[in-house]
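Next up, final03.pdb (PDB, C-alpha atoms):
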```pdb
ATOM      1  CA  MET R   1       0.000   0.000   0.000  1.00  0.00           C
ATOM      2  CA  ASN R   2       1.477   3.375  -0.964  1.00  0.00           C
ATOM      3  CA  VAL R   3       1.325   6.504   1.208  1.00  0.00           C
ATOM      4  CA  GLY R   4      -1.639   7.956  -0.691  1.00  0.00           C
ATOM      5  CA  LEU R   5      -3.775   4.849  -0.184  1.00  0.00           C
ATOM      6  CA  TYR R   6      -2.672   4.623   3.464  1.00  0.00           C
ATOM      7  CA  VAL R   7      -3.771   8.224   4.129  1.00  0.00           C
ATOM      8  CA  TRP R   8      -7.123   7.735   2.343  1.00  0.00           C
ATOM      9  CA  GLN R   9      -7.719   4.505   4.268  1.00  0.00           C
ATOM     10  CA  ARG R  10      -7.122   6.213   7.637  1.00  0.00           C
ATOM     11  CA  LEU R  11      -8.947   9.418   6.686  1.00  0.00           C
ATOM     12  CA  THR R  12     -12.103   7.582   5.595  1.00  0.00           C
ATOM     13  CA  ALA R  13     -11.857   5.397   8.719  1.00  0.00           C
ATOM     14  CA  ALA R  14     -11.780   8.484  10.956  1.00  0.00           C
ATOM     15  CA  VAL R  15     -14.690  10.059   9.067  1.00  0.00           C
ATOM     16  CA  MET R  16     -16.753   6.878   9.434  1.00  0.00           C
ATOM     17  CA  VAL R  17     -16.324   6.381  13.210  1.00  0.00           C
ATOM     18  CA  PRO R  18     -19.132   8.850  14.147  1.00  0.00           C
ATOM     19  CA  LEU R  19     -21.157   7.778  11.086  1.00  0.00           C
ATOM     20  CA  VAL R  20     -21.065   4.112  12.152  1.00  0.00           C
ATOM     21  CA  LEU R  21     -22.016   5.013  15.733  1.00  0.00           C
ATOM     22  CA  LEU R  22     -25.010   7.045  14.550  1.00  0.00           C
ATOM     23  CA  HIS R  23     -25.953   4.304  12.050  1.00  0.00           C
ATOM     24  CA  VAL R  24     -25.996   1.697  14.840  1.00  0.00           C
ATOM     25  CA  ILE R  25     -28.124   4.028  16.993  1.00  0.00           C
ATOM     26  CA  VAL R  26     -30.521   4.418  14.028  1.00  0.00           C
ATOM     27  CA  ILE R  27     -30.642   0.607  13.646  1.00  0.00           C
ATOM     28  CA  PHE R  28     -31.638   0.269  17.315  1.00  0.00           C
ATOM     29  CA  TYR R  29     -34.209   3.048  16.960  1.00  0.00           C
ATOM     30  CA  ALA R  30     -35.642   1.674  13.702  1.00  0.00           C
ATOM     31  CA  THR R  31     -36.023  -1.851  15.109  1.00  0.00           C
ATOM     32  CA  ARG R  32     -37.640  -0.781  18.401  1.00  0.00           C
ATOM     33  CA  LYS R  33     -41.044  -2.062  17.220  1.00  0.00           C
ATOM     34  CA  GLY R  34     -40.000  -3.990  14.106  1.00  0.00           C
ATOM     35  CA  LEU R  35     -38.725  -2.634  10.805  1.00  0.00           C
ATOM     36  CA  SER R  36     -41.245  -1.282   8.341  1.00  0.00           C
ATOM     37  CA  ALA R  37     -40.731   0.363   4.976  1.00  0.00           C
ATOM     38  CA  ALA R  38     -43.290   3.063   5.849  1.00  0.00           C
ATOM     39  CA  ASP R  39     -41.340   4.014   9.019  1.00  0.00           C
ATOM     40  CA  ILE R  40     -37.983   4.080   7.231  1.00  0.00           C
ATOM     41  CA  LEU R  41     -39.199   6.088   4.250  1.00  0.00           C
ATOM     42  CA  SER R  42     -41.179   8.540   6.368  1.00  0.00           C
ATOM     43  CA  ARG R  43     -37.913   9.464   8.087  1.00  0.00           C
ATOM     44  CA  THR R  44     -35.734   9.644   4.991  1.00  0.00           C
ATOM     45  CA  ARG R  45     -37.902  10.858   2.073  1.00  0.00           C
ATOM     46  CA  GLY R  46     -37.288  14.513   1.328  1.00  0.00           C
ATOM     47  CA  SER R  47     -34.672  14.780   4.091  1.00  0.00           C
ATOM     48  CA  LEU R  48     -31.570  16.699   3.071  1.00  0.00           C
ATOM     49  CA  ALA R  49     -29.917  15.791   6.386  1.00  0.00           C
ATOM     50  CA  TRP R  50     -30.229  12.021   5.815  1.00  0.00           C
ATOM     51  CA  ALA R  51     -29.222  12.475   2.157  1.00  0.00           C
ATOM     52  CA  ALA R  52     -26.039  14.269   3.269  1.00  0.00           C
ATOM     53  CA  PHE R  53     -25.347  11.799   6.094  1.00  0.00           C
ATOM     54  CA  TYR R  54     -25.717   8.683   3.969  1.00  0.00           C
ATOM     55  CA  GLY R  55     -24.170  10.374   0.927  1.00  0.00           C
ATOM     56  CA  VAL R  56     -20.942  11.027   2.839  1.00  0.00           C
ATOM     57  CA  PHE R  57     -21.151   7.512   4.314  1.00  0.00           C
ATOM     58  CA  VAL R  58     -21.394   5.921   0.845  1.00  0.00           C
ATOM     59  CA  VAL R  59     -18.439   7.880  -0.553  1.00  0.00           C
ATOM     60  CA  ALA R  60     -16.289   7.110   2.507  1.00  0.00           C
ATOM     61  CA  VAL R  61     -17.160   3.414   2.580  1.00  0.00           C
ATOM     62  CA  ALA R  62     -16.614   2.983  -1.180  1.00  0.00           C
ATOM     63  CA  VAL R  63     -13.077   4.409  -0.878  1.00  0.00           C
ATOM     64  CA  HIS R  64     -12.326   2.611   2.402  1.00  0.00           C
ATOM     65  CA  ALA R  65     -13.606  -0.804   1.292  1.00  0.00           C
ATOM     66  CA  ALA R  66     -11.892  -0.613  -2.101  1.00  0.00           C
ATOM     67  CA  ILE R  67      -8.503   0.050  -0.461  1.00  0.00           C
ATOM     68  CA  GLY R  68      -9.131  -2.723   2.074  1.00  0.00           C
ATOM     69  CA  VAL R  69     -10.111  -5.212  -0.638  1.00  0.00           C
ATOM     70  CA  ARG R  70      -7.038  -4.192  -2.633  1.00  0.00           C
ATOM     71  CA  ASN R  71      -4.803  -4.939   0.360  1.00  0.00           C
ATOM     72  CA  VAL R  72      -6.426  -8.325   0.952  1.00  0.00           C
ATOM     73  CA  LEU R  73      -6.150  -9.277  -2.734  1.00  0.00           C
ATOM     74  CA  ALA R  74      -2.520  -8.123  -2.904  1.00  0.00           C
ATOM     75  CA  GLU R  75      -1.530 -10.033   0.244  1.00  0.00           C
ATOM     76  CA  TRP R  76      -3.765 -13.116   0.167  1.00  0.00           C
ATOM     77  CA  SER R  77      -4.338 -13.823  -3.524  1.00  0.00           C
ATOM     78  CA  PRO R  78      -1.931 -14.659  -6.331  1.00  0.00           C
ATOM     79  CA  LEU R  79      -2.938 -11.427  -8.127  1.00  0.00           C
ATOM     80  CA  LYS R  80      -0.216  -8.909  -8.915  1.00  0.00           C
ATOM     81  CA  ASP R  81      -0.460  -5.478  -7.253  1.00  0.00           C
ATOM     82  CA  ARG R  82      -1.649  -3.827 -10.458  1.00  0.00           C
ATOM     83  CA  ASP R  83      -4.414  -6.370 -11.053  1.00  0.00           C
ATOM     84  CA  ALA R  84      -5.475  -6.209  -7.404  1.00  0.00           C
ATOM     85  CA  GLY R  85      -5.708  -2.431  -7.794  1.00  0.00           C
ATOM     86  CA  ILE R  86      -7.837  -2.667 -10.941  1.00  0.00           C
ATOM     87  CA  LEU R  87     -10.216  -5.210  -9.405  1.00  0.00           C
ATOM     88  CA  ALA R  88     -10.509  -3.262  -6.140  1.00  0.00           C
ATOM     89  CA  SER R  89     -11.109   0.013  -8.004  1.00  0.00           C
ATOM     90  CA  ALA R  90     -13.916  -1.635  -9.969  1.00  0.00           C
ATOM     91  CA  PHE R  91     -15.369  -2.874  -6.668  1.00  0.00           C
ATOM     92  CA  GLY R  92     -15.156   0.654  -5.223  1.00  0.00           C
ATOM     93  CA  VAL R  93     -16.963   2.135  -8.236  1.00  0.00           C
ATOM     94  CA  LEU R  94     -19.659  -0.574  -7.983  1.00  0.00           C
ATOM     95  CA  LEU R  95     -20.115   0.146  -4.264  1.00  0.00           C
ATOM     96  CA  PHE R  96     -20.376   3.872  -4.928  1.00  0.00           C
ATOM     97  CA  LEU R  97     -22.962   3.417  -7.700  1.00  0.00           C
ATOM     98  CA  LEU R  98     -25.081   0.938  -5.713  1.00  0.00           C
ATOM     99  CA  GLY R  99     -24.762   3.101  -2.577  1.00  0.00           C
ATOM    100  CA  ALA R 100     -25.723   6.306  -4.390  1.00  0.00           C
ATOM    101  CA  ARG R 101     -28.712   4.475  -5.930  1.00  0.00           C
ATOM    102  CA  ALA R 102     -29.753   3.250  -2.465  1.00  0.00           C
ATOM    103  CA  VAL R 103     -29.506   6.750  -0.956  1.00  0.00           C
ATOM    104  CA  LEU R 104     -31.547   8.217  -3.809  1.00  0.00           C
ATOM    105  CA  ALA R 105     -34.096   5.415  -3.432  1.00  0.00           C
ATOM    106  CA  VAL R 106     -34.789   6.306   0.201  1.00  0.00           C
ATOM    107  CA  VAL R 107     -34.441  10.116   0.159  1.00  0.00           C
ATOM    108  CA  LEU R 108     -36.151  11.155  -3.081  1.00  0.00           C
ATOM    109  CA  PRO R 109     -39.717  12.232  -2.287  1.00  0.00           C
TER     110      PRO R 109
ATOM    111  CA  MET Z   1       9.525 -20.209  19.946  1.00  0.00           C
ATOM    112  CA  THR Z   2       8.213 -21.242  16.523  1.00  0.00           C
ATOM    113  CA  ALA Z   3       7.687 -18.969  13.539  1.00  0.00           C
ATOM    114  CA  LEU Z   4       3.938 -19.161  14.106  1.00  0.00           C
ATOM    115  CA  ALA Z   5       3.977 -18.399  17.835  1.00  0.00           C
ATOM    116  CA  HIS Z   6       2.815 -14.825  17.221  1.00  0.00           C
ATOM    117  CA  ARG Z   7      -0.494 -16.208  15.981  1.00  0.00           C
ATOM    118  CA  GLN Z   8      -1.442 -16.990  19.572  1.00  0.00           C
ATOM    119  CA  SER Z   9      -1.179 -13.312  20.487  1.00  0.00           C
ATOM    120  CA  VAL Z  10      -4.414 -11.461  21.238  1.00  0.00           C
ATOM    121  CA  LEU Z  11      -3.197  -8.602  19.053  1.00  0.00           C
ATOM    122  CA  TRP Z  12      -2.539 -10.889  16.065  1.00  0.00           C
ATOM    123  CA  ILE Z  13      -6.051 -12.310  16.486  1.00  0.00           C
ATOM    124  CA  ALA Z  14      -7.393  -8.729  16.730  1.00  0.00           C
ATOM    125  CA  ALA Z  15      -5.693  -7.871  13.415  1.00  0.00           C
ATOM    126  CA  LEU Z  16      -7.120 -11.018  11.798  1.00  0.00           C
ATOM    127  CA  VAL Z  17     -10.626 -10.277  13.137  1.00  0.00           C
ATOM    128  CA  HIS Z  18     -10.304  -6.728  11.797  1.00  0.00           C
ATOM    129  CA  ARG Z  19      -9.398  -7.983   8.340  1.00  0.00           C
ATOM    130  CA  LEU Z  20     -12.016 -10.751   8.192  1.00  0.00           C
ATOM    131  CA  SER Z  21     -14.788  -8.503   9.531  1.00  0.00           C
ATOM    132  CA  GLY Z  22     -13.868  -5.889   6.915  1.00  0.00           C
ATOM    133  CA  LEU Z  23     -13.979  -8.514   4.179  1.00  0.00           C
ATOM    134  CA  ALA Z  24     -17.372  -9.796   5.357  1.00  0.00           C
ATOM    135  CA  LEU Z  25     -18.763  -6.240   5.459  1.00  0.00           C
ATOM    136  CA  ALA Z  26     -17.424  -5.574   1.944  1.00  0.00           C
ATOM    137  CA  ILE Z  27     -19.267  -8.677   0.701  1.00  0.00           C
ATOM    138  CA  PHE Z  28     -22.465  -7.682   2.538  1.00  0.00           C
ATOM    139  CA  LEU Z  29     -22.551  -4.005   1.465  1.00  0.00           C
ATOM    140  CA  PRO Z  30     -23.617  -4.482  -2.187  1.00  0.00           C
ATOM    141  CA  LEU Z  31     -26.530  -6.651  -0.981  1.00  0.00           C
ATOM    142  CA  HIS Z  32     -27.454  -4.019   1.622  1.00  0.00           C
ATOM    143  CA  PHE Z  33     -27.471  -1.304  -1.053  1.00  0.00           C
ATOM    144  CA  LEU Z  34     -29.491  -3.450  -3.462  1.00  0.00           C
ATOM    145  CA  THR Z  35     -32.066  -4.046  -0.719  1.00  0.00           C
ATOM    146  CA  LEU Z  36     -32.461  -0.330   0.012  1.00  0.00           C
ATOM    147  CA  GLY Z  37     -32.622   0.272  -3.735  1.00  0.00           C
ATOM    148  CA  LEU Z  38     -35.884  -1.705  -3.757  1.00  0.00           C
ATOM    149  CA  ALA Z  39     -37.520   1.526  -2.573  1.00  0.00           C
ATOM    150  CA  ILE Z  40     -37.086   2.848  -6.132  1.00  0.00           C
ATOM    151  CA  GLU Z  41     -39.809   0.407  -7.190  1.00  0.00           C
ATOM    152  CA  GLY Z  42     -41.992   1.672  -4.351  1.00  0.00           C
ATOM    153  CA  GLU Z  43     -42.623   1.166  -0.645  1.00  0.00           C
ATOM    154  CA  THR Z  44     -44.275  -2.228  -1.226  1.00  0.00           C
ATOM    155  CA  SER Z  45     -41.139  -3.823  -2.687  1.00  0.00           C
ATOM    156  CA  LEU Z  46     -39.067  -2.769   0.330  1.00  0.00           C
ATOM    157  CA  GLU Z  47     -41.844  -3.809   2.731  1.00  0.00           C
ATOM    158  CA  ASN Z  48     -42.081  -7.273   1.124  1.00  0.00           C
ATOM    159  CA  PHE Z  49     -38.342  -7.772   1.633  1.00  0.00           C
ATOM    160  CA  LEU Z  50     -38.534  -6.568   5.238  1.00  0.00           C
ATOM    161  CA  ARG Z  51     -41.334  -9.058   5.980  1.00  0.00           C
ATOM    162  CA  TRP Z  52     -39.162 -11.821   4.477  1.00  0.00           C
ATOM    163  CA  SER Z  53     -36.353 -10.658   6.769  1.00  0.00           C
ATOM    164  CA  ASP Z  54     -38.540 -11.286   9.847  1.00  0.00           C
ATOM    165  CA  GLN Z  55     -37.315 -14.905   9.866  1.00  0.00           C
ATOM    166  CA  PRO Z  56     -35.271 -15.696  12.995  1.00  0.00           C
ATOM    167  CA  LEU Z  57     -32.268 -16.851  10.945  1.00  0.00           C
ATOM    168  CA  VAL Z  58     -32.197 -13.558   9.032  1.00  0.00           C
ATOM    169  CA  LYS Z  59     -32.417 -11.626  12.306  1.00  0.00           C
ATOM    170  CA  LEU Z  60     -29.548 -13.686  13.654  1.00  0.00           C
ATOM    171  CA  ALA Z  61     -27.537 -12.802  10.542  1.00  0.00           C
ATOM    172  CA  GLU Z  62     -28.434  -9.106  10.940  1.00  0.00           C
ATOM    173  CA  SER Z  63     -27.256  -9.110  14.554  1.00  0.00           C
ATOM    174  CA  GLY Z  64     -24.064 -10.809  13.377  1.00  0.00           C
ATOM    175  CA  LEU Z  65     -23.562  -8.033  10.833  1.00  0.00           C
ATOM    176  CA  VAL Z  66     -23.998  -5.359  13.509  1.00  0.00           C
ATOM    177  CA  PHE Z  67     -21.422  -7.247  15.593  1.00  0.00           C
ATOM    178  CA  LEU Z  68     -19.041  -7.268  12.598  1.00  0.00           C
ATOM    179  CA  LEU Z  69     -19.657  -3.549  12.001  1.00  0.00           C
ATOM    180  CA  MET Z  70     -18.940  -2.703  15.659  1.00  0.00           C
ATOM    181  CA  VAL Z  71     -15.901  -4.961  15.936  1.00  0.00           C
ATOM    182  CA  HIS Z  72     -14.461  -3.558  12.681  1.00  0.00           C
ATOM    183  CA  MET Z  73     -15.107   0.041  13.744  1.00  0.00           C
ATOM    184  CA  LEU Z  74     -13.662  -0.412  17.248  1.00  0.00           C
ATOM    185  CA  GLY Z  75     -10.730  -2.376  15.818  1.00  0.00           C
ATOM    186  CA  GLY Z  76     -10.168   0.535  13.431  1.00  0.00           C
ATOM    187  CA  VAL Z  77     -10.250   3.032  16.295  1.00  0.00           C
ATOM    188  CA  ARG Z  78      -7.617   0.885  18.028  1.00  0.00           C
ATOM    189  CA  VAL Z  79      -5.406   1.039  14.914  1.00  0.00           C
ATOM    190  CA  LEU Z  80      -5.855   4.825  14.640  1.00  0.00           C
ATOM    191  CA  LEU Z  81      -4.952   5.234  18.325  1.00  0.00           C
ATOM    192  CA  ILE Z  82      -1.839   3.040  18.006  1.00  0.00           C
ATOM    193  CA  GLU Z  83      -0.667   4.938  14.929  1.00  0.00           C
ATOM    194  CA  ASN Z  84      -1.354   8.458  16.169  1.00  0.00           C
ATOM    195  CA  LEU Z  85      -0.803   8.383  19.928  1.00  0.00           C
ATOM    196  CA  ASP Z  86       1.997   7.170  22.158  1.00  0.00           C
ATOM    197  CA  TRP Z  87       2.178   3.396  22.622  1.00  0.00           C
ATOM    198  CA  HIS Z  88       0.894   2.085  25.927  1.00  0.00           C
ATOM    199  CA  ASP Z  89       0.773  -1.364  27.425  1.00  0.00           C
ATOM    200  CA  ARG Z  90      -2.969  -1.926  27.510  1.00  0.00           C
ATOM    201  CA  GLN Z  91      -3.405  -2.869  23.830  1.00  0.00           C
ATOM    202  CA  LYS Z  92      -4.546  -6.408  24.616  1.00  0.00           C
ATOM    203  CA  GLU Z  93      -7.154  -5.154  27.092  1.00  0.00           C
ATOM    204  CA  LEU Z  94      -8.381  -2.596  24.514  1.00  0.00           C
ATOM    205  CA  ALA Z  95      -8.758  -5.308  21.847  1.00  0.00           C
ATOM    206  CA  THR Z  96     -10.629  -7.562  24.273  1.00  0.00           C
ATOM    207  CA  VAL Z  97     -12.933  -4.730  25.374  1.00  0.00           C
ATOM    208  CA  ALA Z  98     -13.635  -3.892  21.691  1.00  0.00           C
ATOM    209  CA  ALA Z  99     -14.700  -7.492  21.013  1.00  0.00           C
ATOM    210  CA  ALA Z 100     -16.772  -7.654  24.208  1.00  0.00           C
ATOM    211  CA  VAL Z 101     -18.599  -4.358  23.529  1.00  0.00           C
ATOM    212  CA  SER Z 102     -19.349  -5.493  19.957  1.00  0.00           C
ATOM    213  CA  ALA Z 103     -20.710  -8.830  21.160  1.00  0.00           C
ATOM    214  CA  ILE Z 104     -22.894  -7.100  23.784  1.00  0.00           C
ATOM    215  CA  VAL Z 105     -24.318  -4.676  21.178  1.00  0.00           C
ATOM    216  CA  GLY Z 106     -24.998  -7.588  18.789  1.00  0.00           C
ATOM    217  CA  PHE Z 107     -26.713  -9.667  21.490  1.00  0.00           C
ATOM    218  CA  ILE Z 108     -28.849  -6.744  22.724  1.00  0.00           C
ATOM    219  CA  LEU Z 109     -30.008  -6.089  19.154  1.00  0.00           C
ATOM    220  CA  LEU Z 110     -30.821  -9.777  18.637  1.00  0.00           C
ATOM    221  CA  ALA Z 111     -32.747  -9.927  21.931  1.00  0.00           C
ATOM    222  CA  ARG Z 112     -34.776  -6.837  20.943  1.00  0.00           C
ATOM    223  CA  MET Z 113     -35.581  -8.153  17.476  1.00  0.00           C
ATOM    224  CA  LEU Z 114     -36.576 -11.722  18.391  1.00  0.00           C
TER     225      LEU Z 114
END
```
Let's see the structure in the file written out as structure tokens.
Amino acid sequence: MNVGLYVWQRLTAAVMVPLVLLHVIVIFYATRKGLSAADILSRTRGSLAWAAFYGVFVVAVAVHAAIGVRNVLAEWSPLKDRDAGILASAFGVLLFLLGARAVLAVVLP
Amino acid sequence: MTALAHRQSVLWIAALVHRLSGLALAIFLPLHFLTLGLAIEGETSLENFLRWSDQPLVKLAESGLVFLLMVHMLGGVRVLLIENLDWHDRQKELATVAAAVSAIVGFILLARML
């Protein structure tokens, strides 16, 4: 892992610590009387705050997970560094696209 | 002392748990996003999935995922602390507390959902 990837990995980790804590609190809150789509969407639809919160979360996790997957592939698979990087980058882009789609799905009115 | 003796260290196990939990979360995330994306088709699609997820085994898996999320996050905080602050001798205790807190959070969530 080069210095750039190392810094991005740590930076996104630090950004996500409060996001994960709040996400877990939301999970506990949302499941207090069973999950329902109506409950979830009534909180998130039209909410700029949740759009921003989960938008930042998706960007951070796409970068963080892609670097992590790259490290695992480079160290635990027979792939060369370059190929591990290409595969992990593709995974990061996929995560970002699916994550952005998910955020839009729950926040658009 | 053999070459593999370090693998009995709590801190080596903590590093392995951190890596494996991260890998499991990376595999889970696309499915999580696809599930939430069901809301594009309308509230009913998401609701139908949520009713399917009421099965005890799915709830067990969800609690396991929250455990993995907590253990990966707390393990990450431990790494950030080691790298950015002065070293101290309580690393093993910190790693154990991180695992214990994660397990407690996972179990409480499971107990609430079942």
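Atom pair atom CA of Z:His88 / atom CA of Z:Ile13: separated by 18.6 Å.
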Reference answer for the PyMOL selection byres ((chain R and resi 52-67) around 10), as a tab-separated table (two decimals) with C-alpha atoms, in the coordinates of the input:
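Now in out-v4.tsv:
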```tsv
chain	number	residue	atom	x	y	z
R	1	MET	CA	0.00	0.00	0.00
R	5	LEU	CA	-3.78	4.85	-0.18
R	6	TYR	CA	-2.67	4.62	3.46
R	8	TRP	CA	-7.12	7.74	2.34
R	9	GLN	CA	-7.72	4.50	4.27
R	10	ARG	CA	-7.12	6.21	7.64
R	11	LEU	CA	-8.95	9.42	6.69
R	12	THR	CA	-12.10	7.58	5.60
R	13	ALA	CA	-11.86	5.40	8.72
R	14	ALA	CA	-11.78	8.48	10.96
R	15	VAL	CA	-14.69	10.06	9.07
R	16	MET	CA	-16.75	6.88	9.43
R	19	LEU	CA	-21.16	7.78	11.09
R	20	VAL	CA	-21.06	4.11	12.15
R	22	LEU	CA	-25.01	7.04	14.55
R	23	HIS	CA	-25.95	4.30	12.05
R	47	SER	CA	-34.67	14.78	4.09
R	48	LEU	CA	-31.57	16.70	3.07
R	49	ALA	CA	-29.92	15.79	6.39
R	50	TRP	CA	-30.23	12.02	5.82
R	51	ALA	CA	-29.22	12.48	2.16
R	68	GLY	CA	-9.13	-2.72	2.07
R	69	VAL	CA	-10.11	-5.21	-0.64
R	70	ARG	CA	-7.04	-4.19	-2.63
R	71	ASN	CA	-4.80	-4.94	0.36
R	72	VAL	CA	-6.43	-8.32	0.95
R	73	LEU	CA	-6.15	-9.28	-2.73
R	84	ALA	CA	-5.48	-6.21	-7.40
R	85	GLY	CA	-5.71	-2.43	-7.79
R	86	ILE	CA	-7.84	-2.67	-10.94
R	87	LEU	CA	-10.22	-5.21	-9.40
R	88	ALA	CA	-10.51	-3.26	-6.14
R	89	SER	CA	-11.11	0.01	-8.00
R	90	ALA	CA	-13.92	-1.64	-9.97
R	91	PHE	CA	-15.37	-2.87	-6.67
R	92	GLY	CA	-15.16	0.65	-5.22
R	93	VAL	CA	-16.96	2.13	-8.24
R	94	LEU	CA	-19.66	-0.57	-7.98
R	95	LEU	CA	-20.11	0.15	-4.26
R	96	PHE	CA	-20.38	3.87	-4.93
R	97	LEU	CA	-22.96	3.42	-7.70
R	98	LEU	CA	-25.08	0.94	-5.71
R	99	GLY	CA	-24.76	3.10	-2.58
R	100	ALA	CA	-25.72	6.31	-4.39
R	102	ALA	CA	-29.75	3.25	-2.46
R	103	VAL	CA	-29.51	6.75	-0.96
R	104	LEU	CA	-31.55	8.22	-3.81
R	107	VAL	CA	-34.44	10.12	0.16
Z	22	GLY	CA	-13.87	-5.89	6.92
Z	23	LEU	CA	-13.98	-8.51	4.18
Z	25	LEU	CA	-18.76	-6.24	5.46
Z	26	ALA	CA	-17.42	-5.57	1.94
Z	27	ILE	CA	-19.27	-8.68	0.70
Z	29	LEU	CA	-22.55	-4.00	1.46
Z	33	PHE	CA	-27.47	-1.30	-1.05
```
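Using all atoms listed in the file, the nearest neighbour of chain R within the list Z:Leu46, Z:Ala98, Z:Phe28, Z:Ile108 is Z:Leu46.
As for atom CA of Z:Val101 and atom CA of R:Ala30, they are spaced 20.6 Å apart.
With all atoms listed in the file as the atoms that count, the minimum distance from chain R to the choices Z:Thr96, Z:Thr2, Z:Ser9, Z:Ser53 is reached by Z:Ser53.
Across the model, the gap from atom CA of Z:Val105 to atom CA of R:Ala37 is 23.6 Å.
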Which of Z:Leu65, Z:Ile40, Z:Leu11, Z:Leu114 sits closest to chain R [using only C-alpha atoms]:
Z:Ile40
Would you kindly report the residues of chain Z within 9 Å of chain R, using all atoms listed in the file, as a PDB file with C-alpha atoms, in the coordinates of the input?
```pdb
ATOM      1  CA  ARG Z  19      -9.398  -7.983   8.340  1.00  0.00           C
ATOM      2  CA  GLY Z  22     -13.868  -5.889   6.915  1.00  0.00           C
ATOM      3  CA  LEU Z  23     -13.979  -8.514   4.179  1.00  0.00           C
ATOM      4  CA  LEU Z  25     -18.763  -6.240   5.459  1.00  0.00           C
ATOM      5  CA  ALA Z  26     -17.424  -5.574   1.944  1.00  0.00           C
ATOM      6  CA  LEU Z  29     -22.551  -4.005   1.465  1.00  0.00           C
ATOM      7  CA  PRO Z  30     -23.617  -4.482  -2.187  1.00  0.00           C
ATOM      8  CA  HIS Z  32     -27.454  -4.019   1.622  1.00  0.00           C
ATOM      9  CA  PHE Z  33     -27.471  -1.304  -1.053  1.00  0.00           C
ATOM     10  CA  LEU Z  34     -29.491  -3.450  -3.462  1.00  0.00           C
ATOM     11  CA  THR Z  35     -32.066  -4.046  -0.719  1.00  0.00           C
ATOM     12  CA  LEU Z  36     -32.461  -0.330   0.012  1.00  0.00           C
ATOM     13  CA  GLY Z  37     -32.622   0.272  -3.735  1.00  0.00           C
ATOM     14  CA  LEU Z  38     -35.884  -1.705  -3.757  1.00  0.00           C
ATOM     15  CA  ALA Z  39     -37.520   1.526  -2.573  1.00  0.00           C
ATOM     16  CA  ILE Z  40     -37.086   2.848  -6.132  1.00  0.00           C
ATOM     17  CA  GLU Z  41     -39.809   0.407  -7.190  1.00  0.00           C
ATOM     18  CA  GLY Z  42     -41.992   1.672  -4.351  1.00  0.00           C
ATOM     19  CA  GLU Z  43     -42.623   1.166  -0.645  1.00  0.00           C
ATOM     20  CA  THR Z  44     -44.275  -2.228  -1.226  1.00  0.00           C
ATOM     21  CA  SER Z  45     -41.139  -3.823  -2.687  1.00  0.00           C
ATOM     22  CA  LEU Z  46     -39.067  -2.769   0.330  1.00  0.00           C
ATOM     23  CA  GLU Z  47     -41.844  -3.809   2.731  1.00  0.00           C
ATOM     24  CA  ASN Z  48     -42.081  -7.273   1.124  1.00  0.00           C
ATOM     25  CA  LEU Z  50     -38.534  -6.568   5.238  1.00  0.00           C
ATOM     26  CA  ARG Z  51     -41.334  -9.058   5.980  1.00  0.00           C
ATOM     27  CA  ASP Z  54     -38.540 -11.286   9.847  1.00  0.00           C
ATOM     28  CA  VAL Z  66     -23.998  -5.359  13.509  1.00  0.00           C
ATOM     29  CA  LEU Z  69     -19.657  -3.549  12.001  1.00  0.00           C
ATOM     30  CA  MET Z  70     -18.940  -2.703  15.659  1.00  0.00           C
ATOM     31  CA  MET Z  73     -15.107   0.041  13.744  1.00  0.00           C
ATOM     32  CA  LEU Z  74     -13.662  -0.412  17.248  1.00  0.00           C
ATOM     33  CA  GLY Z  76     -10.168   0.535  13.431  1.00  0.00           C
ATOM     34  CA  VAL Z  77     -10.250   3.032  16.295  1.00  0.00           C
ATOM     35  CA  LEU Z  80      -5.855   4.825  14.640  1.00  0.00           C
ATOM     36  CA  LEU Z 109     -30.008  -6.089  19.154  1.00  0.00           C
ATOM     37  CA  ARG Z 112     -34.776  -6.837  20.943  1.00  0.00           C
ATOM     38  CA  MET Z 113     -35.581  -8.153  17.476  1.00  0.00           C
TER      39      MET Z 113
END
```
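Candidate residues Z:Leu57, Z:Ala3, Z:Leu16, Z:Leu31 were compared for distance to Z:Leu110, and the nearest is Z:Leu57, using only C-alpha atoms.
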